[in-house]
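Step one of this worksheet: look at the structure below.
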Amino acid sequence: MARLTASLANADSGEVRDEPIARWLLSPDLAEISGLALTPDGRLFAHNDETAQITEIDYRRGVVIKQFFVGKQELRGDFEGLTCAGDRFFLLASDGTLYEFREGAEGERVDYTAHDTHLGKECEFEGLAYDSTANAIVLACKNVDLKQFKGMLVLFRYRLDDGGGETSELKVPYSEAIGKNDWQRLRPTDLTVDPSSGNYVLVAAQEKALVVLTPSGEVVLSEPLGGRHAQPEGIAITRDHILIISDESTKGPATITLYRWPRDEVRDNAHAADPPLRS
């Protein structure tokens with residue numbers, strides 16, 4: 001714990017960037033850990049892939065603080081992302097349905113409101129984040145279904161103000177998003193918003209990729225994730241510059257891994273407030 005505290009206090013120390021600060025092995029009930037979300041006060045939450053179990057994890061110690069459940073009755077589905085907007089959580093299903101709920105106490109079952117984004121025909125979703133400058137949920141397409149999206153990395157914004165429901169799309173050609181890497185496609189498994197720059201930071205499990213975009217779609221960074229990651233499914237960045245990656249269980253336990261952030265390539269990129277989306 002003392003070593004981790006020292007590392008966290010010196011997050012920009014210049015040590016090897018792919019060397020983790022810490023890696024925590026998780027219990028079997030978190031074997032299918034998927035998306036990650038940070039609350040405004042800096043607490044880390046995660047969800048499972050098929051059940052609406054929400055877990056708070058102390059990422060500095062690798063221990064579970066509490067677990068609660070979405071739905072008075074068991075809610076099951078293909079859940080693919082979690083984010084926090086103020087005091088509200090949003091859980092994403094792969095068909096684009098958003099489940100909105102409040103934080104629960106240990107063991108509590110909380111009510112939810114389901115929002116149909118009407119984007120289920122556009123793509124299969126995996127990963128979401130809250131962009132506070134746009135007051136919008138950003139959803140990432142893992143697999144696109146419409147011809148006009150072929151060969152593109154596609155994100156959608158789902159606005160929460162003015163009654164909610166207005167959507168806009170952001171399309172980045174693979175040629176730009178992939179760059180010089182040898183990936184054939186780019187299939188995000190989660191994304192987060194860098195609290196310092198406002199850029200969108202995506203992780204892709206199959207490509208083992210890390211990609212950074214400005215909110216207007218400019219590619220800041222595109223490179224292999226690095227480190228040891230069997231199935232990277234979740235990503236979060238803390239206000240004290242820690243990158244957190246969650247890995248689903250494959251041949252071993254599920255994990256969360258902590259790195260220093262930002263990398264040198266993204267250090268100086270600024271964020272323009274609520275920029276226009278590329279159409």
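Identifiers in this document derive from the order of the structure tokens: chains are assigned A, B, ..., residues are numbered from 1 separately in each chain, and ligands are numbered from 1 in order of occurrence.
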Need the shell around range 218-234 of chain A: protein/DNA/RNA residues with any atom at most 6 Å away, counting only C-alpha atoms. Skip same-chain ones fewer than 3 positions apart. Format as a PDB file with all heavy atoms, in the first residue's frame?
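As a result, result.pdb now contains:
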```pdb
ATOM      1  N   ASP A  18       4.325   1.580 -19.842  1.00  0.00           N
ATOM      2  CA  ASP A  18       3.532   0.361 -19.864  1.00  0.00           C
ATOM      3  C   ASP A  18       3.649  -0.434 -18.566  1.00  0.00           C
ATOM      4  O   ASP A  18       3.028  -1.478 -18.424  1.00  0.00           O
ATOM      5  CB  ASP A  18       3.945  -0.528 -21.041  1.00  0.00           C
ATOM      6  CG  ASP A  18       3.495   0.053 -22.376  1.00  0.00           C
ATOM      7  OD1 ASP A  18       2.549   0.871 -22.368  1.00  0.00           O
ATOM      8  OD2 ASP A  18       4.087  -0.292 -23.407  1.00  0.00           O
ATOM      9  N   SER A  34     -17.196  -5.709 -16.787  1.00  0.00           N
ATOM     10  CA  SER A  34     -17.255  -5.058 -18.091  1.00  0.00           C
ATOM     11  C   SER A  34     -16.904  -3.585 -17.944  1.00  0.00           C
ATOM     12  O   SER A  34     -15.763  -3.247 -17.687  1.00  0.00           O
ATOM     13  CB  SER A  34     -18.635  -5.256 -18.722  1.00  0.00           C
ATOM     14  OG  SER A  34     -18.641  -4.902 -20.068  1.00  0.00           O
ATOM     15  N   GLY A  35     -17.893  -2.675 -18.077  1.00  0.00           N
ATOM     16  CA  GLY A  35     -17.584  -1.263 -18.053  1.00  0.00           C
ATOM     17  C   GLY A  35     -17.210  -0.737 -16.679  1.00  0.00           C
ATOM     18  O   GLY A  35     -17.567  -1.302 -15.645  1.00  0.00           O
ATOM     19  N   LEU A  36     -16.486   0.398 -16.677  1.00  0.00           N
ATOM     20  CA  LEU A  36     -16.092   1.103 -15.463  1.00  0.00           C
ATOM     21  C   LEU A  36     -16.672   2.509 -15.483  1.00  0.00           C
ATOM     22  O   LEU A  36     -16.871   3.098 -16.545  1.00  0.00           O
ATOM     23  CB  LEU A  36     -14.566   1.201 -15.362  1.00  0.00           C
ATOM     24  CG  LEU A  36     -13.774  -0.092 -15.278  1.00  0.00           C
ATOM     25  CD1 LEU A  36     -12.271   0.222 -15.256  1.00  0.00           C
ATOM     26  CD2 LEU A  36     -14.158  -0.900 -14.048  1.00  0.00           C
ATOM     27  N   THR A 189     -14.500  -1.569 -26.831  1.00  0.00           N
ATOM     28  CA  THR A 189     -15.199  -2.258 -25.754  1.00  0.00           C
ATOM     29  C   THR A 189     -15.563  -1.318 -24.610  1.00  0.00           C
ATOM     30  O   THR A 189     -16.389  -1.664 -23.778  1.00  0.00           O
ATOM     31  CB  THR A 189     -14.366  -3.446 -25.227  1.00  0.00           C
ATOM     32  OG1 THR A 189     -12.999  -3.057 -25.085  1.00  0.00           O
ATOM     33  CG2 THR A 189     -14.437  -4.612 -26.191  1.00  0.00           C
ATOM     34  N   ASP A 190     -14.961  -0.141 -24.558  1.00  0.00           N
ATOM     35  CA  ASP A 190     -15.368   0.878 -23.596  1.00  0.00           C
ATOM     36  C   ASP A 190     -14.692   2.192 -23.972  1.00  0.00           C
ATOM     37  O   ASP A 190     -13.735   2.216 -24.757  1.00  0.00           O
ATOM     38  CB  ASP A 190     -14.989   0.481 -22.164  1.00  0.00           C
ATOM     39  CG  ASP A 190     -15.823   1.221 -21.106  1.00  0.00           C
ATOM     40  OD1 ASP A 190     -16.828   1.868 -21.482  1.00  0.00           O
ATOM     41  OD2 ASP A 190     -15.467   1.171 -19.922  1.00  0.00           O
ATOM     42  N   ALA A 205     -10.821  -4.528 -27.071  1.00  0.00           N
ATOM     43  CA  ALA A 205     -10.267  -5.786 -26.573  1.00  0.00           C
ATOM     44  C   ALA A 205      -9.650  -6.624 -27.684  1.00  0.00           C
ATOM     45  O   ALA A 205      -8.548  -7.153 -27.535  1.00  0.00           O
ATOM     46  CB  ALA A 205     -11.351  -6.584 -25.853  1.00  0.00           C
ATOM     47  N   LYS A 208      -6.586  -5.022 -28.937  1.00  0.00           N
ATOM     48  CA  LYS A 208      -5.688  -4.588 -27.856  1.00  0.00           C
ATOM     49  C   LYS A 208      -5.220  -3.159 -28.140  1.00  0.00           C
ATOM     50  O   LYS A 208      -4.030  -2.836 -28.099  1.00  0.00           O
ATOM     51  CB  LYS A 208      -4.489  -5.525 -27.716  1.00  0.00           C
ATOM     52  CG  LYS A 208      -4.852  -6.973 -27.414  1.00  0.00           C
ATOM     53  CD  LYS A 208      -5.483  -7.131 -26.063  1.00  0.00           C
ATOM     54  CE  LYS A 208      -5.567  -8.591 -25.639  1.00  0.00           C
ATOM     55  NZ  LYS A 208      -6.414  -9.430 -26.514  1.00  0.00           N
ATOM     56  N   ALA A 209      -6.204  -2.284 -28.416  1.00  0.00           N
ATOM     57  CA  ALA A 209      -5.922  -0.936 -28.891  1.00  0.00           C
ATOM     58  C   ALA A 209      -6.289   0.110 -27.858  1.00  0.00           C
ATOM     59  O   ALA A 209      -7.216  -0.066 -27.063  1.00  0.00           O
ATOM     60  CB  ALA A 209      -6.700  -0.677 -30.179  1.00  0.00           C
ATOM     61  N   LEU A 210      -5.559   1.219 -27.913  1.00  0.00           N
ATOM     62  CA  LEU A 210      -5.871   2.416 -27.139  1.00  0.00           C
ATOM     63  C   LEU A 210      -5.908   3.582 -28.125  1.00  0.00           C
ATOM     64  O   LEU A 210      -4.932   3.852 -28.817  1.00  0.00           O
ATOM     65  CB  LEU A 210      -4.810   2.666 -26.069  1.00  0.00           C
ATOM     66  CG  LEU A 210      -5.086   3.838 -25.119  1.00  0.00           C
ATOM     67  CD1 LEU A 210      -6.239   3.500 -24.181  1.00  0.00           C
ATOM     68  CD2 LEU A 210      -3.849   4.183 -24.306  1.00  0.00           C
ATOM     69  N   VAL A 211      -7.063   4.268 -28.191  1.00  0.00           N
ATOM     70  CA  VAL A 211      -7.256   5.350 -29.154  1.00  0.00           C
ATOM     71  C   VAL A 211      -7.793   6.568 -28.422  1.00  0.00           C
ATOM     72  O   VAL A 211      -8.700   6.461 -27.598  1.00  0.00           O
ATOM     73  CB  VAL A 211      -8.230   4.924 -30.277  1.00  0.00           C
ATOM     74  CG1 VAL A 211      -8.502   6.086 -31.224  1.00  0.00           C
ATOM     75  CG2 VAL A 211      -7.664   3.730 -31.046  1.00  0.00           C
ATOM     76  N   VAL A 212      -7.235   7.732 -28.738  1.00  0.00           N
ATOM     77  CA  VAL A 212      -7.676   8.995 -28.144  1.00  0.00           C
ATOM     78  C   VAL A 212      -8.184   9.894 -29.257  1.00  0.00           C
ATOM     79  O   VAL A 212      -7.478  10.126 -30.250  1.00  0.00           O
ATOM     80  CB  VAL A 212      -6.537   9.684 -27.372  1.00  0.00           C
ATOM     81  CG1 VAL A 212      -7.039  10.982 -26.738  1.00  0.00           C
ATOM     82  CG2 VAL A 212      -5.969   8.760 -26.301  1.00  0.00           C
ATOM     83  N   LEU A 213      -9.414  10.419 -29.092  1.00  0.00           N
ATOM     84  CA  LEU A 213     -10.024  11.320 -30.055  1.00  0.00           C
ATOM     85  C   LEU A 213     -10.409  12.613 -29.360  1.00  0.00           C
ATOM     86  O   LEU A 213     -10.818  12.600 -28.193  1.00  0.00           O
ATOM     87  CB  LEU A 213     -11.304  10.716 -30.652  1.00  0.00           C
ATOM     88  CG  LEU A 213     -11.262   9.324 -31.265  1.00  0.00           C
ATOM     89  CD1 LEU A 213     -12.685   8.895 -31.604  1.00  0.00           C
ATOM     90  CD2 LEU A 213     -10.393   9.318 -32.509  1.00  0.00           C
ATOM     91  N   THR A 214     -10.337  13.728 -30.088  1.00  0.00           N
ATOM     92  CA  THR A 214     -10.983  14.934 -29.599  1.00  0.00           C
ATOM     93  C   THR A 214     -12.492  14.776 -29.813  1.00  0.00           C
ATOM     94  O   THR A 214     -12.918  13.947 -30.631  1.00  0.00           O
ATOM     95  CB  THR A 214     -10.495  16.185 -30.346  1.00  0.00           C
ATOM     96  OG1 THR A 214     -10.967  16.133 -31.704  1.00  0.00           O
ATOM     97  CG2 THR A 214      -8.983  16.289 -30.322  1.00  0.00           C
ATOM     98  N   ILE A 245      -7.772   0.063 -16.236  1.00  0.00           N
ATOM     99  CA  ILE A 245      -8.273  -0.884 -17.229  1.00  0.00           C
ATOM    100  C   ILE A 245      -8.792  -2.122 -16.505  1.00  0.00           C
ATOM    101  O   ILE A 245      -8.103  -2.685 -15.648  1.00  0.00           O
ATOM    102  CB  ILE A 245      -7.165  -1.315 -18.215  1.00  0.00           C
ATOM    103  CG1 ILE A 245      -6.555  -0.103 -18.929  1.00  0.00           C
ATOM    104  CG2 ILE A 245      -7.705  -2.335 -19.209  1.00  0.00           C
ATOM    105  CD1 ILE A 245      -7.460   0.552 -19.914  1.00  0.00           C
ATOM    106  N   SER A 246     -10.003  -2.551 -16.850  1.00  0.00           N
ATOM    107  CA  SER A 246     -10.534  -3.798 -16.296  1.00  0.00           C
ATOM    108  C   SER A 246     -10.466  -4.884 -17.359  1.00  0.00           C
ATOM    109  O   SER A 246     -10.727  -4.635 -18.538  1.00  0.00           O
ATOM    110  CB  SER A 246     -11.980  -3.625 -15.826  1.00  0.00           C
ATOM    111  OG  SER A 246     -12.841  -3.289 -16.903  1.00  0.00           O
ATOM    112  N   ASP A 247     -10.097  -6.093 -16.934  1.00  0.00           N
ATOM    113  CA  ASP A 247     -10.028  -7.251 -17.818  1.00  0.00           C
ATOM    114  C   ASP A 247     -10.958  -8.337 -17.313  1.00  0.00           C
ATOM    115  O   ASP A 247     -10.900  -8.739 -16.142  1.00  0.00           O
ATOM    116  CB  ASP A 247      -8.601  -7.810 -17.868  1.00  0.00           C
ATOM    117  CG  ASP A 247      -7.685  -7.016 -18.769  1.00  0.00           C
ATOM    118  OD1 ASP A 247      -7.203  -5.952 -18.345  1.00  0.00           O
ATOM    119  OD2 ASP A 247      -7.469  -7.458 -19.905  1.00  0.00           O
ATOM    120  N   GLU A 248     -11.809  -8.820 -18.210  1.00  0.00           N
ATOM    121  CA  GLU A 248     -12.685  -9.945 -17.912  1.00  0.00           C
ATOM    122  C   GLU A 248     -11.842 -11.201 -17.714  1.00  0.00           C
ATOM    123  O   GLU A 248     -10.759 -11.343 -18.283  1.00  0.00           O
ATOM    124  CB  GLU A 248     -13.652 -10.124 -19.084  1.00  0.00           C
ATOM    125  CG  GLU A 248     -14.738 -11.140 -18.887  1.00  0.00           C
ATOM    126  CD  GLU A 248     -15.674 -11.170 -20.081  1.00  0.00           C
ATOM    127  OE1 GLU A 248     -16.367 -10.159 -20.310  1.00  0.00           O
ATOM    128  OE2 GLU A 248     -15.687 -12.203 -20.783  1.00  0.00           O
TER     129      GLU A 248
END
```
Based on the backbone DSSP call, show me all residues of range 40-190 of chain A assigned strand (DSSP E or B), as a PyMOL selection string. chain A and resi 44-48+51+53-58+63-70+76+79-85+88-93+97-101+109-110+112-116+123-131+136-144+152-159+167-173+190
Top pick for closest residue to Leu98 in chain A, considering A:Gly71, A:Ala236, A:Leu139, A:Glu124 and counting only C-alpha atoms: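 Closest residue, counting only C-alpha atoms: A:Leu139.
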I'd like to know which of A:Gln67, A:Thr51, A:Thr192, A:Asn199 is closest to Ala140 in chain A, using only C-alpha atoms.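 Smallest separation from Ala140 in chain A among the options: A:Thr192.
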Excluding same-chain residues fewer than 4 positions from Asp58 in chain A, what lies within 10 Å of it counting only C-alpha atoms, as an MDAnalysis selection string? chainID A and resid 42:45 62:66
Based on the selection just made, write all heavy atoms of those residues as a compact mmCIF listing (two decimals), in the first residue's frame.
```
# COMPACT_ATOMS: atom_id res chain seq x y z
N GLY A 42 -14.94 10.69 -7.26
CA GLY A 42 -13.77 9.86 -7.52
C GLY A 42 -13.86 8.40 -7.14
O GLY A 42 -12.84 7.71 -7.12
N ARG A 43 -15.05 7.89 -6.86
CA ARG A 43 -15.20 6.47 -6.54
C ARG A 43 -15.41 5.66 -7.81
O ARG A 43 -16.05 6.13 -8.75
CB ARG A 43 -16.36 6.26 -5.57
CG ARG A 43 -16.09 6.86 -4.18
CD ARG A 43 -17.31 6.74 -3.27
NE ARG A 43 -18.43 7.49 -3.79
CZ ARG A 43 -19.69 7.04 -3.83
NH1 ARG A 43 -19.98 5.83 -3.42
NH2 ARG A 43 -20.66 7.81 -4.31
N LEU A 44 -14.88 4.43 -7.84
CA LEU A 44 -14.92 3.58 -9.02
C LEU A 44 -16.03 2.54 -8.89
O LEU A 44 -16.14 1.85 -7.87
CB LEU A 44 -13.58 2.87 -9.21
CG LEU A 44 -13.48 1.95 -10.44
CD1 LEU A 44 -13.45 2.78 -11.73
CD2 LEU A 44 -12.23 1.08 -10.34
N PHE A 45 -16.84 2.42 -9.95
CA PHE A 45 -17.90 1.42 -10.01
C PHE A 45 -17.72 0.58 -11.27
O PHE A 45 -17.21 1.06 -12.29
CB PHE A 45 -19.29 2.08 -10.01
CG PHE A 45 -19.69 2.63 -8.67
CD1 PHE A 45 -19.20 3.85 -8.24
CD2 PHE A 45 -20.56 1.93 -7.84
CE1 PHE A 45 -19.57 4.38 -7.01
CE2 PHE A 45 -20.93 2.43 -6.61
CZ PHE A 45 -20.43 3.66 -6.19
N GLY A 62 -7.79 -2.39 -4.22
CA GLY A 62 -8.26 -3.57 -4.92
C GLY A 62 -9.31 -4.35 -4.17
O GLY A 62 -9.43 -5.57 -4.35
N VAL A 63 -10.09 -3.68 -3.34
CA VAL A 63 -11.10 -4.39 -2.54
C VAL A 63 -12.49 -3.86 -2.89
O VAL A 63 -12.67 -2.70 -3.28
CB VAL A 63 -10.85 -4.23 -1.02
CG1 VAL A 63 -9.51 -4.83 -0.64
CG2 VAL A 63 -10.92 -2.77 -0.60
N VAL A 64 -13.49 -4.74 -2.74
CA VAL A 64 -14.88 -4.37 -2.98
C VAL A 64 -15.42 -3.62 -1.77
O VAL A 64 -15.29 -4.08 -0.63
CB VAL A 64 -15.72 -5.62 -3.27
CG1 VAL A 64 -17.22 -5.29 -3.28
CG2 VAL A 64 -15.32 -6.23 -4.61
N ILE A 65 -16.05 -2.48 -2.04
CA ILE A 65 -16.67 -1.69 -0.97
C ILE A 65 -18.12 -2.11 -0.76
O ILE A 65 -18.56 -2.31 0.37
CB ILE A 65 -16.60 -0.19 -1.31
CG1 ILE A 65 -15.15 0.26 -1.51
CG2 ILE A 65 -17.27 0.63 -0.21
CD1 ILE A 65 -14.26 0.06 -0.32
N LYS A 66 -18.86 -2.24 -1.86
CA LYS A 66 -20.26 -2.65 -1.76
C LYS A 66 -20.75 -3.11 -3.12
O LYS A 66 -20.12 -2.87 -4.16
CB LYS A 66 -21.14 -1.50 -1.26
CG LYS A 66 -21.30 -0.35 -2.24
CD LYS A 66 -22.27 0.71 -1.72
CE LYS A 66 -22.40 1.88 -2.70
NZ LYS A 66 -23.29 2.94 -2.19
```
